[in-house]
Amino acid sequence: MPHTHAIPTPRPAVQGFFDPATNTVSYIVHDPATKAAAIIDPVLDFTPRDGRTSTVSADKILEAVKEQDLNLRYLLETHAHADHLSAAHYLREKSGAPVVIGAHIIDVQAIFAELFEADDVARDGSAFDRLVREGDVLPLGNIEIKVMHTPGHTPACVTYMMGDAAFVGDTVFMPDYGTARADFPGGDAATLYRSIRKILDLPATTRLFTGHDYPPASRNEPAWEANVAEHRRANLHVHDGIDEAAFVEMRQARDATLEAPLLILPSLQVNIRAGAMPPASPGGHVYLRLPLNAM
């Protein structure tokens, strides 16, 4: 009988960019063979003390794309972030690349467009260029971007799988830190557990890239990559042997002790607009709203 050889799993090149102000990790991922690339979860710099924005972090990522002569195909958002403003709109204007997010962003828009009385926001996801669902596939050179719906942290969370890499957003963090909170509007701890277990059913060598890192006292430097086997063996919150009931009890008790993220109100009113700012006032100023006692 003729010998058969397994087709090797594609291995995209991944470059992480850690933002110490928000503990966010943004990524450039590309197909080495064709140089087709995507940027994942880019950060728009924002200082809450004086309301100033800048594009230093986003420009650094864009410069890295240019230096490597990559063909930027997508701006991928894992979800509508509550801890940083997205630079997706800025990068779309600079590059022409489309902004992609999970189709359940409409659920998040429905909640927060009402909270901010954001009448300019169409609650159908049309601020974004492409809405993706479970099982959707986007081409990235010789690599496919496969979409997995992984709600729980928010209803709209998705994981982007590319070859041997998966970009999990805020579902799981590094094994020595655990998992994301599930107490935002539309979040649910049991749903989060099921999403994480779906991720941990991927092949053991799959590299999981997290959306944030909060280094514990035992680790000095930020990190953002660990494989499925490492999570199943050692993730503080969801290692093998932790069942759904135990996870939900832990997650709900832990979430009850957490303060709201510092930038949740500025972030969400920008991020439901795909990173665009609200319309300017008649006087030409742009304002972010601060609804009192509403969260």
# chains A, B, ... in the order shown; residues from 1 in each chain; ligands from 1
$ closest_atom_pairs --of "stretch 236-273 of chain A" --to "stretch 22-43 of chain A" --cutoff "12 Å" --atoms "only C-alpha atoms" --output "JSON lines"
{"residue": "A:Pro261", "atom": "CA", "partner": "A:Thr22", "partner_atom": "CA", "distance": 9.5}
{"residue": "A:Leu262", "atom": "CA", "partner": "A:Thr22", "partner_atom": "CA", "distance": 9.1}
{"residue": "A:Leu263", "atom": "CA", "partner": "A:Thr22", "partner_atom": "CA", "distance": 8.9}
{"residue": "A:Ile264", "atom": "CA", "partner": "A:Thr22", "partner_atom": "CA", "distance": 11.3}
{"residue": "A:Ser267", "atom": "CA", "partner": "A:Val43", "partner_atom": "CA", "distance": 10.4}
{"residue": "A:Val270", "atom": "CA", "partner": "A:Val43", "partner_atom": "CA", "distance": 11.7}
{"residue": "A:Asn271", "atom": "CA", "partner": "A:Val43", "partner_atom": "CA", "distance": 10.7}
$ closest_atom_pairs --of "stretch 97-152 of chain A" --to "stretch 187-196 of chain A" --cutoff "10 Å" --atoms "only C-alpha atoms" --output "CSV"
residue,atom,partner,partner_atom,distance
A:Met148,CA,A:Ser195,CA,9.0
A:His149,CA,A:Ser195,CA,7.8
A:Thr150,CA,A:Ser195,CA,4.7
A:Pro151,CA,A:Leu192,CA,6.0
A:Gly152,CA,A:Leu192,CA,3.7
$ atom_distance --atom1 "atom CA of A:Ile101" --atom2 "atom CA of A:Glu77"
5.1 Å
$ closest_residue --among "A:Ala274, A:Ala118, A:Leu268, A:Ala182" --to "A:Ala253" --atoms "only C-alpha atoms"
A:Ala182
$ atom_distance --atom1 "atom CA of A:His84" --atom2 "atom CA of A:Asp119"
22.2 Å
